[in-house]
Amino acid sequence: MKKCLECNVWVNTNAIRCPLCGVGLNQLGQSETTLLYPSYSKNRHGKRKMNFLAKIFFFISIAASLICFFVNVLTWNGLPWSLVVAGGIIISWLLVGLPLLKTMNLNFMLIDQMIGVQIYLYLIDRIFGNKGWSLNYVYPLLYVAVAIVIVLFVIIYRIAWHDYLITAVIMAVIGFYPLILIAFGVIDVLWPSYTAMMFAVLLICGLFIFGRDKLKKEIRKRMNL
Amino acid sequence: MKKEDTWFELDTAAKLYPAIMSPKQASVFRLSCTLTDPVDPEMLQTALYVTIQRYPSFNVRLKRGVFWNYFEPNTNHPTVSEETAYPCQMLDASKNNDFLFQVTWFGKRINLEIFHVIADATGGIEFLKTLVFYYLSLQGKVVATQGLIRTLETKIDPEETENSFVRYYDPKIVTSRAEEKAFHYSGSSLPFQHSRLIHGLISTEDLLDKVHAYHATVTEYLTAVLIKAYFNASESLIKSEDIVKISVPINLRAIFPSRTVRNFSFYMNIGEKYQQKDDRFESLLRKVSEQMKEQLQREKILARMNPNVSFEKNAAIRAVPLDVKLAVIRQVHQMIGEDLFTCSLSNIGVIGIPDSMRPFIARFDFGLSTSDKIPVNCSVCSYKGIVSITFSSSIKETTLEKEFFRFLAKDGLQVTIETSEG
Ligand SMILES: [Zn+2]
């Protein structure tokens, strides 16, 4: 064991200086100290590397967007195509980055991604001639696809399926959005929107028939009743 | 009722923690048990599988409701890992199978780090004792519980997972808690998410002889020494009107009987105005003793504890959405919570281990996390004739620790220092 004569304390360490006052320690008697705590410096490396990689991609994203923006402005032909590039980069972060973070409930993430992609495609549609394909086809069909995925989750992940119930409810409610679009006369091809709404109705029926009790309990839980 | 249908409300004290948790304010504490032999990770993993069955309030994930956070049973399995990170850092549940505690091992030591939202140190010790009991049993050691360990054979009493604050709530006993601000210690910060522990080990017998000579208790004595250490360590920072206040947790189970392993502790703030170096320690200790005796009265504790319960029982407050509530709690905590004390001194006392297990366990340690305003904290536990005093710190300076342990040494106690650095 070692001793600090300044502090008048014994110190169980391999270090040569007193951890309290920094004065050199005196070795009194022979005894080797085993390592008491991990040597932290080695362990953090992996995480930092990962962060660095993310930073590089983030920088490239910003650089690409900026360069496109300047080229777009300098060679202006009436089409703001650089917005499409920037949007595409944001969407890729949403699709790839969010799952990597793993902090979000998978289902909520799916809904967020769905809405993100829909907004992006609407933007492209507007920029390239405003033909209406995004609202007419892509919106409702993407909705149906995501609804099917969520129903599959509910079936496959039986053990945690109460977790996905609330998401299914949100999906069911979202499913009636074409009503607003139809009311404002924004869409002209109606069958995809009708399909989406039929799915929403089916979702509600399914929730009511299979999950009424569970749903009740889940809502009570979330309301802290 | 099926497993996934059950859920717990957060206890009264726990409601604070999801609001204030951040990498700089982890609200995590660590209980460590050093064995006589190196830890066998696979055995420890198996022991953890068994132990978690006995503690439903640990086997949870934290969820967000509309009005409050709540716990629901965690369907994942907790895993043990080798200790690599700095002690008492924020627990990222999403990278921990959603669990709000973590078991790690290093050499002969088993560490249990707990996010304060699920338990206090007394609850944590119960869990650690069960874990070590099953670990030793799996290793083929002949160990018996002697009524000191909660195992799967002893039925889970509903009281163990109750919110005892509500049970002892009495709306008639209330007081205002206007308190003076306390002095805050500071230094140059260690890098982000770094921390340092300094343990000081003293013989329990010597310490008891010492405090009896002063006619004080261990907690009173150590609190007085800590206040003195702050005076000595902050001479250039501190002004004559500054008050050094030590927040000393009270294990409420000692006063209000309960078997809960969730949060059931409160605190008292013991303070003293800055004095010059040459003032007598005895008079400081006497003042500390008087304040503690005063604040430990049942009625006094209830009066300070009850407003928290009435806050959560208030129907109007209940109806506020969760995010608004969390934001308000965070603000209030920032404005007054930590302003009222300089640091904590948490003494969980002697850890009761059955005789049959004692030959295989060398030591227990207890550590707290820190925050920007409270960069140093002190925690104490005792086992097998050794008192382990741990300073956890997020600043480079060790002046406070130096003054504290030098005082003990000067007062005639033999101190052995260990540190997590080097
Ligand atoms: Zn020294």
# chains A, B, ... in the order shown; residues from 1 in each chain; ligands from 1

call {"tool": "residues_around", "arguments": {"residues": "stretch 18-23 of chain B", "least_positions_apart": "4", "cutoff": "10 Å", "atoms": "only C-alpha atoms", "output": "list in words"}}
result
Ala14, Ser27, Val28, Leu62, Arg64, Asn69, Gln89, Met90, Leu91, Asp92, Phe115, His116, Val117, Phe192, Gln193, Leu322, Asp323, Lys325, Leu326, Ala327, Val328, Ile329, Arg330, Gln331, His333, Gln334, Thr370 and Ser371 of chain B

call {"tool": "closest_atom_pairs", "arguments": {"of": "chain A", "to": "ligand 1", "cutoff": "8 Å", "atoms": "only C-alpha atoms and all ligand atoms", "output": "CSV"}}
result
residue,atom,partner,partner_atom_place_in_ligand_line,distance
A:Cys4,CA,ligand 1,1 (Zn),4.7
A:Leu5,CA,ligand 1,1 (Zn),6.7
A:Glu6,CA,ligand 1,1 (Zn),5.1
A:Cys7,CA,ligand 1,1 (Zn),4.2
A:Asn8,CA,ligand 1,1 (Zn),7.0
A:Val9,CA,ligand 1,1 (Zn),7.0
A:Arg17,CA,ligand 1,1 (Zn),7.8
A:Cys18,CA,ligand 1,1 (Zn),4.6
A:Pro19,CA,ligand 1,1 (Zn),6.6
A:Leu20,CA,ligand 1,1 (Zn),5.0
A:Cys21,CA,ligand 1,1 (Zn),4.2
A:Gly22,CA,ligand 1,1 (Zn),6.0
A:Val23,CA,ligand 1,1 (Zn),5.7
A:Gly24,CA,ligand 1,1 (Zn),7.9
A:Leu25,CA,ligand 1,1 (Zn),7.6

call {"tool": "write_last_selection", "arguments": {"atoms": "N, CA, C and O atoms", "output": "compact mmCIF listing (two decimals), in the first residue's frame"}}
result
# COMPACT_ATOMS: atom_id res chain seq x y z
N CYS A 4 0.12 8.88 1.31
CA CYS A 4 0.39 10.30 1.06
C CYS A 4 0.69 10.94 2.40
O CYS A 4 -0.17 10.99 3.28
N LEU A 5 1.90 11.44 2.55
CA LEU A 5 2.29 12.02 3.84
C LEU A 5 1.69 13.40 4.04
O LEU A 5 1.51 13.84 5.17
N GLU A 6 1.34 14.07 2.94
CA GLU A 6 0.69 15.38 3.06
C GLU A 6 -0.72 15.24 3.61
O GLU A 6 -1.13 15.95 4.51
N CYS A 7 -1.49 14.29 3.02
CA CYS A 7 -2.89 14.11 3.42
C CYS A 7 -3.00 13.19 4.63
O CYS A 7 -4.05 13.14 5.28
N ASN A 8 -1.95 12.44 4.89
CA ASN A 8 -1.97 11.43 5.94
C ASN A 8 -3.04 10.38 5.69
O ASN A 8 -3.80 10.00 6.58
N VAL A 9 -3.15 9.94 4.41
CA VAL A 9 -4.09 8.86 4.08
C VAL A 9 -3.35 7.77 3.30
O VAL A 9 -2.34 8.03 2.65
N ARG A 17 1.06 9.45 -7.88
CA ARG A 17 0.70 10.69 -7.18
C ARG A 17 -0.60 10.50 -6.41
O ARG A 17 -1.45 9.72 -6.76
N CYS A 18 -0.73 11.31 -5.34
CA CYS A 18 -1.93 11.24 -4.51
C CYS A 18 -3.14 11.77 -5.29
O CYS A 18 -3.07 12.87 -5.83
N PRO A 19 -4.23 10.99 -5.38
CA PRO A 19 -5.40 11.46 -6.12
C PRO A 19 -6.07 12.68 -5.47
O PRO A 19 -6.84 13.37 -6.12
N LEU A 20 -5.77 12.95 -4.20
CA LEU A 20 -6.39 14.09 -3.52
C LEU A 20 -5.59 15.38 -3.73
O LEU A 20 -6.13 16.41 -4.05
N CYS A 21 -4.26 15.30 -3.52
CA CYS A 21 -3.48 16.54 -3.53
C CYS A 21 -2.40 16.57 -4.60
O CYS A 21 -1.79 17.61 -4.83
N GLY A 22 -2.13 15.44 -5.27
CA GLY A 22 -1.17 15.43 -6.37
C GLY A 22 0.29 15.30 -5.97
O GLY A 22 1.17 15.26 -6.82
N VAL A 23 0.55 15.18 -4.66
CA VAL A 23 1.92 15.02 -4.19
C VAL A 23 2.35 13.55 -4.39
O VAL A 23 1.52 12.65 -4.39
N GLY A 24 3.65 13.32 -4.60
CA GLY A 24 4.15 11.97 -4.82
C GLY A 24 3.87 11.05 -3.63
O GLY A 24 3.95 11.47 -2.47
N LEU A 25 3.50 9.80 -3.93
CA LEU A 25 3.15 8.85 -2.87
C LEU A 25 4.38 8.09 -2.39
O LEU A 25 5.33 7.90 -3.15

call {"tool": "interface_residues", "arguments": {"of": "chain A", "to": "chain B", "cutoff": "6 Å", "atoms": "only C-alpha atoms", "output": "ChimeraX atom specification"}}
result
/A:7,9-12,15,20,37,103,222-223

call {"tool": "atom_distance", "arguments": {"atom1": "atom CA of B:Ile374", "atom2": "atom CA of B:Leu340"}}
result
10.6 Å

call {"tool": "select_by_dssp", "arguments": {"residues": "stretch 319-390 of chain B", "states": "strand (DSSP E)", "output": "list in words"}}
result
Cys343, Ser344, Leu345, Ser346, Asn347, Ile348, Gly349, Val350, Ile361, Ala362, Arg363, Phe364, Asp365, Phe366, Gly367, Leu368, Val376, Asn377, Cys378, Ser379, Val380, Cys381, Ser382, Tyr383, Ile386, Val387, Ser388, Ile389 and Thr390 of chain B

call {"tool": "select_by_dssp", "arguments": {"residues": "stretch 1-183 of chain A", "states": "helix (DSSP H, G or I)", "output": "PyMOL selection string"}}
result
chain A and resi 40-43+45-74+81-101+106-127+133-156+158-174+178-183

call {"tool": "residues_around", "arguments": {"residues": "A:Val71", "least_positions_apart": "4", "cutoff": "12 Å", "atoms": "only C-alpha atoms", "output": "ChimeraX atom specification"}}
result
/A:64-67,75-77,79-83,85

call {"tool": "residues_around", "arguments": {"residues": "B:Asn96", "least_positions_apart": "3", "cutoff": "12 Å", "atoms": "only C-alpha atoms", "output": "tab-separated table (two decimals) with C-alpha atoms, in the first residue's frame"}}
result
chain	number	residue	atom	x	y	z
A	102	LYS	CA	-33.98	3.53	-32.61
A	103	THR	CA	-35.54	5.94	-30.14
B	60	VAL	CA	-40.74	-2.25	-16.63
B	61	ARG	CA	-40.41	0.20	-19.47
B	74	ASN	CA	-41.06	-4.97	-20.12
B	76	ASN	CA	-37.51	-7.88	-23.17
B	77	HIS	CA	-34.80	-9.53	-21.10
B	78	PRO	CA	-32.22	-7.53	-19.17
B	79	THR	CA	-28.60	-8.30	-20.04
B	80	VAL	CA	-25.37	-7.92	-18.11
B	81	SER	CA	-22.28	-6.39	-19.73
B	90	MET	CA	-27.48	8.77	-18.00
B	91	LEU	CA	-29.23	5.49	-18.74
B	92	ASP	CA	-30.42	5.40	-22.34
B	93	ALA	CA	-33.31	2.94	-22.04
B	99	PHE	CA	-34.80	-1.24	-18.93
B	100	LEU	CA	-34.31	1.58	-16.44
B	101	PHE	CA	-31.48	-0.13	-14.61
B	102	GLN	CA	-28.25	-1.75	-15.75
B	103	VAL	CA	-26.08	-4.53	-14.36
B	104	THR	CA	-22.39	-4.44	-15.24
B	113	GLU	CA	-26.93	1.36	-11.82
B	114	ILE	CA	-30.49	2.55	-11.41
B	115	PHE	CA	-32.40	5.45	-12.91

call {"tool": "residues_around", "arguments": {"residues": "stretch 113-130 of chain A", "least_positions_apart": "3", "cutoff": "7 Å", "atoms": "only C-alpha atoms", "output": "ChimeraX atom specification"}}
result
/A:79-80,84,87,91,94-95,109-110,133-134,139

call {"tool": "closest_residue", "arguments": {"among": "B:Cys378, B:Val225, B:Ala182, B:Leu345", "to": "B:Glu241", "atoms": "only C-alpha atoms"}}
result
B:Ala182

call {"tool": "decode", "arguments": {"residues": "stretch 20-76 of chain A", "atoms": "C-alpha atoms", "output": "tab-separated table (two decimals), in the first residue's frame"}}
result
chain	number	residue	atom	x	y	z
A	20	LEU	CA	-6.39	14.09	-3.52
A	21	CYS	CA	-3.48	16.54	-3.53
A	22	GLY	CA	-1.17	15.43	-6.37
A	23	VAL	CA	1.92	15.02	-4.19
A	24	GLY	CA	4.15	11.97	-4.82
A	25	LEU	CA	3.15	8.85	-2.87
A	26	ASN	CA	5.40	6.80	-0.60
A	27	GLN	CA	5.48	3.06	-1.14
A	28	LEU	CA	5.22	1.37	2.26
A	29	GLY	CA	5.49	-2.39	2.12
A	30	GLN	CA	5.09	-4.53	-1.00
A	31	SER	CA	1.72	-5.07	-2.58
A	32	GLU	CA	0.45	-4.86	-6.15
A	33	THR	CA	-2.89	-3.21	-6.71
A	34	THR	CA	-5.22	-4.83	-9.18
A	35	LEU	CA	-7.05	-2.58	-11.62
A	36	LEU	CA	-10.10	-1.21	-9.79
A	37	TYR	CA	-11.89	0.49	-12.69
A	38	PRO	CA	-11.77	0.08	-16.48
A	39	SER	CA	-9.34	2.33	-18.35
A	40	TYR	CA	-11.95	4.52	-19.96
A	41	SER	CA	-9.86	6.04	-22.74
A	42	LYS	CA	-9.96	2.88	-24.89
A	43	ASN	CA	-13.66	2.18	-24.75
A	44	ARG	CA	-15.21	5.31	-26.15
A	45	HIS	CA	-13.53	5.02	-29.53
A	46	GLY	CA	-16.24	3.02	-31.31
A	47	LYS	CA	-19.01	5.46	-30.51
A	48	ARG	CA	-17.00	8.49	-31.53
A	49	LYS	CA	-16.18	6.88	-34.89
A	50	MET	CA	-19.89	6.33	-35.53
A	51	ASN	CA	-20.66	9.95	-34.71
A	52	PHE	CA	-17.88	11.09	-36.98
A	53	LEU	CA	-19.30	9.06	-39.88
A	54	ALA	CA	-22.72	10.62	-39.30
A	55	LYS	CA	-21.11	14.05	-39.28
A	56	ILE	CA	-19.41	13.37	-42.64
A	57	PHE	CA	-22.72	12.37	-44.22
A	58	PHE	CA	-24.41	15.38	-42.71
A	59	PHE	CA	-21.75	17.66	-44.17
A	60	ILE	CA	-22.01	16.01	-47.61
A	61	SER	CA	-25.79	16.44	-47.48
A	62	ILE	CA	-25.52	20.15	-46.82
A	63	ALA	CA	-22.76	20.62	-49.40
A	64	ALA	CA	-24.73	18.78	-52.10
A	65	SER	CA	-27.88	20.79	-51.39
A	66	LEU	CA	-26.00	24.09	-51.48
A	67	ILE	CA	-24.11	23.31	-54.69
A	68	CYS	CA	-27.31	22.24	-56.43
A	69	PHE	CA	-29.04	25.37	-55.22
A	70	PHE	CA	-26.33	27.62	-56.68
A	71	VAL	CA	-26.16	25.75	-60.00
A	72	ASN	CA	-29.95	25.89	-60.14
A	73	VAL	CA	-30.02	29.65	-59.56
A	74	LEU	CA	-27.12	30.41	-61.94
A	75	THR	CA	-28.62	28.36	-64.78
A	76	TRP	CA	-32.25	29.28	-64.06
